[in-house]
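Just my_file_19.pdb here, PDB, C-alpha atoms, pLDDT in the B column:
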ATOM      1  CA  MET A 583      -7.976 -52.458   5.312  1.00 63.00           C
ATOM      2  CA  SER A 584      -6.041 -50.639   2.660  1.00 73.00           C
ATOM      3  CA  PHE A 585      -3.784 -47.665   3.253  1.00 76.00           C
ATOM      4  CA  LEU A 586      -6.378 -45.355   1.734  1.00 83.00           C
ATOM      5  CA  ASP A 587      -9.061 -46.578   4.162  1.00 80.00           C
ATOM      6  CA  VAL A 588      -6.761 -45.994   7.128  1.00 77.00           C
ATOM      7  CA  LEU A 589      -5.848 -42.529   5.842  1.00 84.00           C
ATOM      8  CA  LEU A 590      -9.519 -41.663   5.352  1.00 88.00           C
ATOM      9  CA  ALA A 591     -10.426 -42.854   8.851  1.00 84.00           C
ATOM     10  CA  LEU A 592      -7.526 -40.876  10.320  1.00 86.00           C
ATOM     11  CA  SER A 593      -8.462 -37.702   8.454  1.00 90.00           C
ATOM     12  CA  VAL A 594     -12.090 -37.964   9.589  1.00 91.00           C
ATOM     13  CA  ARG A 595     -11.019 -38.368  13.229  1.00 89.00           C
ATOM     14  CA  ILE A 596      -8.558 -35.484  12.987  1.00 91.00           C
ATOM     15  CA  PHE A 597     -11.290 -33.334  11.420  1.00 93.00           C
ATOM     16  CA  TRP A 598     -13.662 -34.002  14.320  1.00 92.00           C
ATOM     17  CA  SER A 599     -10.942 -33.520  16.939  1.00 92.00           C
ATOM     18  CA  MET A 600     -10.255 -30.113  15.392  1.00 93.00           C
ATOM     19  CA  TRP A 601     -13.916 -29.164  15.780  1.00 94.00           C
ATOM     20  CA  ILE A 602     -13.968 -30.420  19.382  1.00 93.00           C
ATOM     21  CA  SER A 603     -11.006 -28.164  20.142  1.00 93.00           C
ATOM     22  CA  ILE A 604     -12.661 -25.197  18.449  1.00 93.00           C
ATOM     23  CA  GLY A 605     -15.860 -25.857  20.416  1.00 93.00           C
ATOM     24  CA  PHE A 606     -14.033 -25.813  23.732  1.00 93.00           C
ATOM     25  CA  ALA A 607     -12.078 -22.745  22.630  1.00 93.00           C
ATOM     26  CA  LEU A 608     -15.400 -20.970  22.043  1.00 93.00           C
ATOM     27  CA  LEU A 609     -16.563 -22.129  25.472  1.00 93.00           C
ATOM     28  CA  PHE A 610     -13.403 -20.653  27.049  1.00 91.00           C
ATOM     29  CA  ASN A 611     -13.774 -17.326  25.146  1.00 90.00           C
ATOM     30  CA  THR A 612     -10.624 -17.761  23.087  1.00 88.00           C
ATOM     31  CA  PRO A 613     -10.068 -14.762  20.795  1.00 88.00           C
ATOM     32  CA  ARG A 614     -11.450 -15.259  17.295  1.00 89.00           C
ATOM     33  CA  ARG A 615      -8.032 -14.754  15.709  1.00 87.00           C
ATOM     34  CA  ALA A 616      -6.802 -17.795  17.621  1.00 88.00           C
ATOM     35  CA  LEU A 617      -9.629 -20.245  16.874  1.00 91.00           C
ATOM     36  CA  TRP A 618      -8.045 -21.711  13.746  1.00 92.00           C
ATOM     37  CA  ILE A 619      -4.794 -22.271  15.640  1.00 92.00           C
ATOM     38  CA  THR A 620      -6.628 -24.064  18.437  1.00 93.00           C
ATOM     39  CA  GLY A 621      -8.323 -26.324  15.907  1.00 93.00           C
ATOM     40  CA  LEU A 622      -5.041 -27.028  14.155  1.00 94.00           C
ATOM     41  CA  LEU A 623      -3.291 -27.848  17.434  1.00 94.00           C
ATOM     42  CA  GLY A 624      -6.144 -30.104  18.529  1.00 93.00           C
ATOM     43  CA  GLY A 625      -5.959 -32.027  15.258  1.00 93.00           C
ATOM     44  CA  VAL A 626      -2.163 -32.291  15.327  1.00 93.00           C
ATOM     45  CA  GLY A 627      -2.026 -33.421  18.964  1.00 92.00           C
ATOM     46  CA  TRP A 628      -4.746 -36.007  18.592  1.00 92.00           C
ATOM     47  CA  GLY A 629      -3.328 -37.183  15.253  1.00 91.00           C
ATOM     48  CA  ILE A 630       0.134 -37.722  16.750  1.00 92.00           C
ATOM     49  CA  LYS A 631      -1.373 -39.653  19.650  1.00 91.00           C
ATOM     50  CA  PHE A 632      -3.508 -41.792  17.325  1.00 89.00           C
ATOM     51  CA  VAL A 633      -0.725 -42.535  14.827  1.00 89.00           C
ATOM     52  CA  LEU A 634       1.812 -43.430  17.531  1.00 90.00           C
ATOM     53  CA  LEU A 635      -0.746 -45.565  19.347  1.00 87.00           C
ATOM     54  CA  GLY A 636      -1.617 -47.437  16.171  1.00 83.00           C
ATOM     55  CA  THR A 637       1.915 -47.938  14.817  1.00 85.00           C
ATOM     56  CA  ILE A 638       5.039 -47.523  16.908  1.00 88.00           C
ATOM     57  CA  MET A 639       3.704 -47.702  20.487  1.00 88.00           C
ATOM     58  CA  PRO A 640       0.607 -49.880  20.703  1.00 86.00           C
ATOM     59  CA  GLU A 641      -1.003 -49.955  24.157  1.00 87.00           C
ATOM     60  CA  GLN A 642       1.258 -47.129  25.404  1.00 91.00           C
ATOM     61  CA  ILE A 643      -1.507 -44.562  25.741  1.00 91.00           C
ATOM     62  CA  VAL A 644       0.223 -42.623  28.521  1.00 92.00           C
ATOM     63  CA  ILE A 645       3.396 -42.002  26.513  1.00 93.00           C
ATOM     64  CA  THR A 646       1.546 -41.239  23.292  1.00 93.00           C
ATOM     65  CA  SER A 647      -0.694 -38.774  25.132  1.00 93.00           C
ATOM     66  CA  PHE A 648       2.407 -37.070  26.539  1.00 94.00           C
ATOM     67  CA  LEU A 649       4.019 -36.822  23.097  1.00 94.00           C
ATOM     68  CA  GLY A 650       0.832 -35.452  21.540  1.00 93.00           C
ATOM     69  CA  ALA A 651       0.522 -32.868  24.327  1.00 94.00           C
ATOM     70  CA  CYS A 652       4.207 -31.925  23.905  1.00 93.00           C
ATOM     71  CA  ALA A 653       3.587 -31.312  20.209  1.00 93.00           C
ATOM     72  CA  VAL A 654       0.601 -29.131  21.098  1.00 93.00           C
ATOM     73  CA  GLY A 655       2.665 -27.179  23.639  1.00 91.00           C
ATOM     74  CA  LEU A 656       5.585 -26.697  21.261  1.00 90.00           C
ATOM     75  CA  LEU A 657       3.396 -25.496  18.414  1.00 90.00           C
ATOM     76  CA  ALA A 658       1.449 -23.272  20.815  1.00 89.00           C
ATOM     77  CA  VAL A 659       4.657 -21.467  21.783  1.00 86.00           C
ATOM     78  CA  TYR A 660       5.382 -20.853  18.110  1.00 85.00           C
ATOM     79  CA  PHE A 661       1.869 -19.669  17.247  1.00 88.00           C
ATOM     80  CA  ALA A 662       1.671 -17.523  20.380  1.00 85.00           C
ATOM     81  CA  HIS A 663       4.507 -15.442  18.982  1.00 80.00           C
ATOM     82  CA  ARG A 664       2.737 -15.135  15.657  1.00 82.00           C
ATOM     83  CA  VAL A 665      -0.690 -14.155  17.020  1.00 84.00           C
ATOM     84  CA  HIS A 666       0.540 -12.334  20.173  1.00 82.00           C
ATOM     85  CA  THR A 667      -1.598 -14.381  22.529  1.00 85.00           C
ATOM     86  CA  PRO A 668      -0.468 -16.389  25.584  1.00 85.00           C
ATOM     87  CA  PRO A 669       0.252 -20.049  24.716  1.00 85.00           C
ATOM     88  CA  ILE A 670      -2.156 -21.353  27.354  1.00 87.00           C
ATOM     89  CA  VAL A 671      -5.029 -19.939  25.283  1.00 87.00           C
ATOM     90  CA  PHE A 672      -4.280 -22.555  22.602  1.00 85.00           C
ATOM     91  CA  THR A 673      -3.145 -25.498  24.656  1.00 89.00           C
ATOM     92  CA  ILE A 674      -6.023 -26.147  27.041  1.00 92.00           C
ATOM     93  CA  PRO A 675      -8.792 -26.375  24.412  1.00 93.00           C
ATOM     94  CA  ALA A 676      -6.452 -28.316  22.102  1.00 92.00           C
ATOM     95  CA  VAL A 677      -5.737 -31.134  24.583  1.00 93.00           C
ATOM     96  CA  ILE A 678      -9.268 -31.536  25.890  1.00 92.00           C
ATOM     97  CA  ASN A 679      -9.995 -34.048  23.133  1.00 90.00           C
ATOM     98  CA  MET A 680      -7.194 -36.244  24.532  1.00 91.00           C
ATOM     99  CA  ILE A 681      -8.624 -36.421  28.067  1.00 90.00           C
ATOM    100  CA  PRO A 682      -9.257 -40.081  28.987  1.00 88.00           C
ATOM    101  CA  GLY A 683     -13.030 -39.956  29.344  1.00 89.00           C
ATOM    102  CA  LYS A 684     -13.580 -43.641  28.624  1.00 91.00           C
ATOM    103  CA  TYR A 685     -11.058 -44.763  31.241  1.00 92.00           C
ATOM    104  CA  GLY A 686     -12.460 -42.330  33.794  1.00 92.00           C
ATOM    105  CA  TYR A 687     -15.990 -43.580  33.161  1.00 94.00           C
ATOM    106  CA  GLU A 688     -14.946 -47.229  33.456  1.00 93.00           C
ATOM    107  CA  PHE A 689     -13.032 -46.407  36.656  1.00 93.00           C
ATOM    108  CA  MET A 690     -16.104 -44.832  38.233  1.00 93.00           C
ATOM    109  CA  MET A 691     -18.325 -47.722  37.134  1.00 92.00           C
ATOM    110  CA  LYS A 692     -15.917 -50.233  38.710  1.00 90.00           C
ATOM    111  CA  ILE A 693     -15.955 -48.278  41.970  1.00 90.00           C
ATOM    112  CA  ILE A 694     -19.758 -48.320  41.963  1.00 90.00           C
ATOM    113  CA  GLN A 695     -19.688 -52.044  41.182  1.00 87.00           C
ATOM    114  CA  ILE A 696     -17.361 -52.711  44.143  1.00 85.00           C
ATOM    115  CA  VAL A 697     -19.607 -50.766  46.507  1.00 84.00           C
ATOM    116  CA  THR A 698     -22.993 -52.061  45.369  1.00 84.00           C
ATOM    117  CA  VAL A 699     -22.607 -55.560  43.922  1.00 77.00           C
ATOM    118  CA  GLU A 700     -21.828 -58.550  46.089  1.00 77.00           C
ATOM    119  CA  THR A 701     -19.325 -60.818  44.361  1.00 73.00           C
ATOM    120  CA  PRO A 702     -17.231 -63.806  45.423  1.00 76.00           C
ATOM    121  CA  GLN A 703     -13.793 -63.069  46.862  1.00 74.00           C
ATOM    122  CA  GLU A 704     -11.877 -64.184  43.732  1.00 76.00           C
ATOM    123  CA  GLU A 705     -13.912 -61.872  41.504  1.00 80.00           C
ATOM    124  CA  THR A 706     -13.634 -59.030  44.032  1.00 82.00           C
ATOM    125  CA  LEU A 707      -9.832 -59.157  43.946  1.00 84.00           C
ATOM    126  CA  ASP A 708      -9.888 -59.080  40.148  1.00 87.00           C
ATOM    127  CA  LEU A 709     -12.381 -56.210  40.253  1.00 88.00           C
ATOM    128  CA  LEU A 710     -10.139 -54.294  42.684  1.00 89.00           C
ATOM    129  CA  TYR A 711      -7.154 -54.850  40.404  1.00 91.00           C
ATOM    130  CA  GLN A 712      -9.044 -53.610  37.338  1.00 92.00           C
ATOM    131  CA  THR A 713     -10.360 -50.589  39.256  1.00 93.00           C
ATOM    132  CA  PHE A 714      -6.898 -49.684  40.529  1.00 94.00           C
ATOM    133  CA  LYS A 715      -5.413 -50.103  37.048  1.00 93.00           C
ATOM    134  CA  LEU A 716      -8.074 -47.889  35.423  1.00 93.00           C
ATOM    135  CA  GLY A 717      -7.677 -45.236  38.127  1.00 94.00           C
ATOM    136  CA  LEU A 718      -3.903 -45.111  37.719  1.00 94.00           C
ATOM    137  CA  GLN A 719      -4.177 -45.048  33.948  1.00 93.00           C
ATOM    138  CA  THR A 720      -6.669 -42.188  34.035  1.00 94.00           C
ATOM    139  CA  GLY A 721      -4.534 -40.228  36.476  1.00 94.00           C
ATOM    140  CA  PHE A 722      -1.286 -40.755  34.577  1.00 95.00           C
ATOM    141  CA  ILE A 723      -2.812 -39.806  31.226  1.00 94.00           C
ATOM    142  CA  THR A 724      -4.218 -36.622  32.740  1.00 94.00           C
ATOM    143  CA  MET A 725      -0.872 -35.767  34.368  1.00 95.00           C
ATOM    144  CA  CYS A 726       0.969 -36.442  31.117  1.00 94.00           C
ATOM    145  CA  LEU A 727      -1.355 -34.078  29.267  1.00 93.00           C
ATOM    146  CA  ALA A 728      -0.609 -31.350  31.799  1.00 93.00           C
ATOM    147  CA  PHE A 729       3.153 -31.991  31.786  1.00 94.00           C
ATOM    148  CA  GLY A 730       3.217 -32.284  28.007  1.00 92.00           C
ATOM    149  CA  VAL A 731       1.530 -28.911  27.576  1.00 92.00           C
ATOM    150  CA  ILE A 732       3.722 -27.104  30.109  1.00 90.00           C
ATOM    151  CA  THR A 733       7.095 -28.667  29.183  1.00 88.00           C
ATOM    152  CA  PRO A 734       7.726 -26.548  26.040  1.00 84.00           C
ATOM    153  CA  MET A 735       6.671 -23.424  27.909  1.00 81.00           C
ATOM    154  CA  LEU A 736       9.183 -24.210  30.645  1.00 84.00           C
ATOM    155  CA  LEU A 737      11.917 -25.008  28.132  1.00 82.00           C
ATOM    156  CA  PHE A 738      11.399 -21.788  26.193  1.00 74.00           C
ATOM    157  CA  ASN A 739      10.501 -19.837  29.361  1.00 69.00           C
ATOM    158  CA  THR A 740       7.524 -18.199  27.670  1.00 58.00           C
ATOM    159  CA  TYR A 741       4.559 -17.527  29.883  1.00 57.00           C
ATOM    160  CA  SER A 742       3.998 -14.298  28.004  1.00 57.00           C
ATOM    161  CA  VAL A 743       4.852 -13.390  24.428  1.00 56.00           C
ATOM    162  CA  LYS A 744       5.020  -9.641  24.920  1.00 59.00           C
ATOM    163  CA  GLY A 745       8.163  -8.198  23.401  1.00 61.00           C
ATOM    164  CA  LYS A 746       9.417 -11.602  22.298  1.00 61.00           C
ATOM    165  CA  ASP A 747       9.942 -12.992  18.840  1.00 64.00           C
ATOM    166  CA  LEU A 748      10.585 -16.701  18.485  1.00 63.00           C
ATOM    167  CA  ASN A 749      12.724 -16.277  15.381  1.00 70.00           C
ATOM    168  CA  ASP A 750      15.031 -13.840  17.229  1.00 73.00           C
ATOM    169  CA  PHE A 751      15.171 -16.220  20.193  1.00 67.00           C
ATOM    170  CA  ILE A 752      16.233 -19.115  17.956  1.00 72.00           C
ATOM    171  CA  LYS A 753      18.828 -16.947  16.181  1.00 77.00           C
ATOM    172  CA  ARG A 754      20.311 -15.848  19.518  1.00 76.00           C
ATOM    173  CA  ARG A 755      20.478 -19.440  20.766  1.00 72.00           C
ATOM    174  CA  LEU A 756      22.160 -20.628  17.583  1.00 75.00           C
ATOM    175  CA  SER A 757      24.606 -17.737  17.541  1.00 78.00           C
ATOM    176  CA  ARG A 758      25.447 -18.322  21.227  1.00 72.00           C
ATOM    177  CA  HIS A 759      26.261 -21.973  20.539  1.00 64.00           C
ATOM    178  CA  LYS A 760      28.147 -20.991  17.418  1.00 63.00           C
ATOM    179  CA  THR A 761      30.296 -18.445  19.266  1.00 62.00           C
ATOM    180  CA  LYS A 762      31.034 -20.932  22.047  1.00 60.00           C
ATOM    181  CA  ALA A 763      32.162 -23.482  19.479  1.00 57.00           C
ATOM    182  CA  GLU A 764      34.282 -20.851  17.700  1.00 62.00           C
ATOM    183  CA  LEU A 765      35.873 -19.755  20.979  1.00 59.00           C
ATOM    184  CA  GLU A 766      36.686 -23.330  21.918  1.00 63.00           C
ATOM    185  CA  GLY A 767      38.231 -23.816  18.478  1.00 60.00           C
ATOM    186  CA  ILE A 768      40.340 -20.649  18.854  1.00 56.00           C
ATOM    187  CA  ILE A 769      41.484 -21.613  22.331  1.00 53.00           C
ATOM    188  CA  GLU A 770      42.490 -25.087  21.158  1.00 53.00           C
ATOM    189  CA  GLU A 771      44.469 -23.620  18.245  1.00 53.00           C
ATOM    190  CA  ASN A 772      46.361 -21.123  20.466  1.00 53.00           C
ATOM    191  CA  GLU A 773      47.314 -23.574  23.235  1.00 52.00           C
ATOM    192  CA  PRO A 774      51.044 -24.301  23.495  1.00 53.00           C
ATOM    193  CA  VAL A 775      52.127 -27.804  22.620  1.00 48.00           C
TER     194      VAL A 775
END

Encoding of this model in structure tokens:
Amino acid sequence: MSFLDVLLALSVRIFWSMWISIGFALLFNTPRRALWITGLLGGVGWGIKFVLLGTIMPEQIVITSFLGACAVGLLAVYFAHRVHTPPIVFTIPAVINMIPGKYGYEFMMKIIQIVTVETPQEETLDLLYQTFKLGLQTGFITMCLAFGVITPMLLFNTYSVKGKDLNDFIKRRLSRHKTKAELEGIIEENEPV
């Protein structure tokens, strides 16, 4: 496959993940002014997961899901300040397209197969291992989506955006670090030798 084919396939998948996010946002009664942001976040989160999974971290779906959800959470904090809407309004519909439906389905099918189908002992142990692996993978991906969404909100301490401006917050943080560095520089210059 050429680079153009890969880019086309990626853009088509991002396009549909954006529409999935917008569909769930409509289902959750997200305000109309926030629908485009939800779609954008859904596309960005899924795109980051897909690109990392295909390039840098193959077969590391848990970590890539966490990083995609962190990107969604971080951008949601920014856009929440712009649209004056709580960040959770954007994040939940945006990460729904990253929920591990295939792994959850396979996990449930393996459980049903263990309960209903009689197999030899060697195959049963392998089936138990595969079932346990799929269950853990599904659980960890789901937990990473939740932690990835909430981590930026905890770091920026923004459950609500009332009376807050992200640009002012960043300026205050930078000026605080700048004044600390200046004070340390002044103290070092004035110390007796």

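Nearest to Ala658 (chain A) of all the residues A:Gln712, A:Cys726, A:Asn749, A:Met735 is A:Met735, based on only C-alpha atoms.
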
Point to revise | Close residues, Cys652 (chain A) itself excluded, 12 Å, only C-alpha atoms, min 2 positions apart in chain, as a PyMOL selection string | key: chain A and resi 623-624+626-628+630-631+645-650+654-659+673+676-677+726-737

What are the closest atom pairs, with distances in Å to one decimal, for all residues of region 590-684 of chain A lying within 12 Å of region 689-698 of chain A? Consider all atoms listed in the file, order rows by chain and residue number, and present the result as CSV.
residue,atom,partner,partner_atom,distance
A:Pro682,CA,A:Phe689,CA,10.6
A:Gly683,CA,A:Phe689,CA,9.8
A:Lys684,CA,A:Phe689,CA,8.5

Practice item. For Ala616 (chain A), please output as a PyMOL selection string all residues within 12 Å (counting all atoms listed in the file; exclusion window: fewer than 2 positions along the same chain). Key: chain A and resi 603-604+607-608+610-614+618-623+658+661-673+675-676

Using only C-alpha atoms, please write the residues we just selected to a file, as a PDB file, in the coordinates of the input.
ATOM      1  CA  SER A 603     -11.006 -28.164  20.142  1.00 93.00           C
ATOM      2  CA  ILE A 604     -12.661 -25.197  18.449  1.00 93.00           C
ATOM      3  CA  ALA A 607     -12.078 -22.745  22.630  1.00 93.00           C
ATOM      4  CA  LEU A 608     -15.400 -20.970  22.043  1.00 93.00           C
ATOM      5  CA  PHE A 610     -13.403 -20.653  27.049  1.00 91.00           C
ATOM      6  CA  ASN A 611     -13.774 -17.326  25.146  1.00 90.00           C
ATOM      7  CA  THR A 612     -10.624 -17.761  23.087  1.00 88.00           C
ATOM      8  CA  PRO A 613     -10.068 -14.762  20.795  1.00 88.00           C
ATOM      9  CA  ARG A 614     -11.450 -15.259  17.295  1.00 89.00           C
ATOM     10  CA  TRP A 618      -8.045 -21.711  13.746  1.00 92.00           C
ATOM     11  CA  ILE A 619      -4.794 -22.271  15.640  1.00 92.00           C
ATOM     12  CA  THR A 620      -6.628 -24.064  18.437  1.00 93.00           C
ATOM     13  CA  GLY A 621      -8.323 -26.324  15.907  1.00 93.00           C
ATOM     14  CA  LEU A 622      -5.041 -27.028  14.155  1.00 94.00           C
ATOM     15  CA  LEU A 623      -3.291 -27.848  17.434  1.00 94.00           C
ATOM     16  CA  ALA A 658       1.449 -23.272  20.815  1.00 89.00           C
ATOM     17  CA  PHE A 661       1.869 -19.669  17.247  1.00 88.00           C
ATOM     18  CA  ALA A 662       1.671 -17.523  20.380  1.00 85.00           C
ATOM     19  CA  HIS A 663       4.507 -15.442  18.982  1.00 80.00           C
ATOM     20  CA  ARG A 664       2.737 -15.135  15.657  1.00 82.00           C
ATOM     21  CA  VAL A 665      -0.690 -14.155  17.020  1.00 84.00           C
ATOM     22  CA  HIS A 666       0.540 -12.334  20.173  1.00 82.00           C
ATOM     23  CA  THR A 667      -1.598 -14.381  22.529  1.00 85.00           C
ATOM     24  CA  PRO A 668      -0.468 -16.389  25.584  1.00 85.00           C
ATOM     25  CA  PRO A 669       0.252 -20.049  24.716  1.00 85.00           C
ATOM     26  CA  ILE A 670      -2.156 -21.353  27.354  1.00 87.00           C
ATOM     27  CA  VAL A 671      -5.029 -19.939  25.283  1.00 87.00           C
ATOM     28  CA  PHE A 672      -4.280 -22.555  22.602  1.00 85.00           C
ATOM     29  CA  THR A 673      -3.145 -25.498  24.656  1.00 89.00           C
ATOM     30  CA  PRO A 675      -8.792 -26.375  24.412  1.00 93.00           C
ATOM     31  CA  ALA A 676      -6.452 -28.316  22.102  1.00 92.00           C
TER      32      ALA A 676
END

Revision key, fill the gap. Of A:Glu688, A:Met725, A:Leu586, A:Val633, the one sitting nearest Leu709 (chain A) when using only C-alpha atoms is A:Glu688

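Picture a line from CA of Leu589 (chain A) to CA of Pro640 (chain A); it runs 17.8 Å.
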
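Remark: for Ile596 (chain A), the closest of the candidate residues A:Tyr711, A:Phe632, A:Phe738, A:Tyr660 is A:Phe632 (distances computed over all atoms listed in the file).
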
Exercise for review: To one decimal in Å, tell me the separation between CA of Gly686 (chain A) and CA of Gly717 (chain A).
Suggested key: 7.1 Å

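Across the structure, CA of Ile678 (chain A) and CA of Asp587 (chain A) are spaced 26.4 Å apart.
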
Check your understanding: Near Val644 (chain A), counting all atoms listed in the file, which residues have an atom at most 9 Å away, once you skip same-chain residues fewer than 6 positions from it, shown as a VMD selection string?
Key -> chain A and resid 719 to 720 722 to 724 726 to 727

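For the residues A:Ala653, A:Ile674, A:Ile643, A:Leu634, ranking by smallest atom-to-atom distance to Gly721 (chain A) using all atoms listed in the file places A:Ile643 first.
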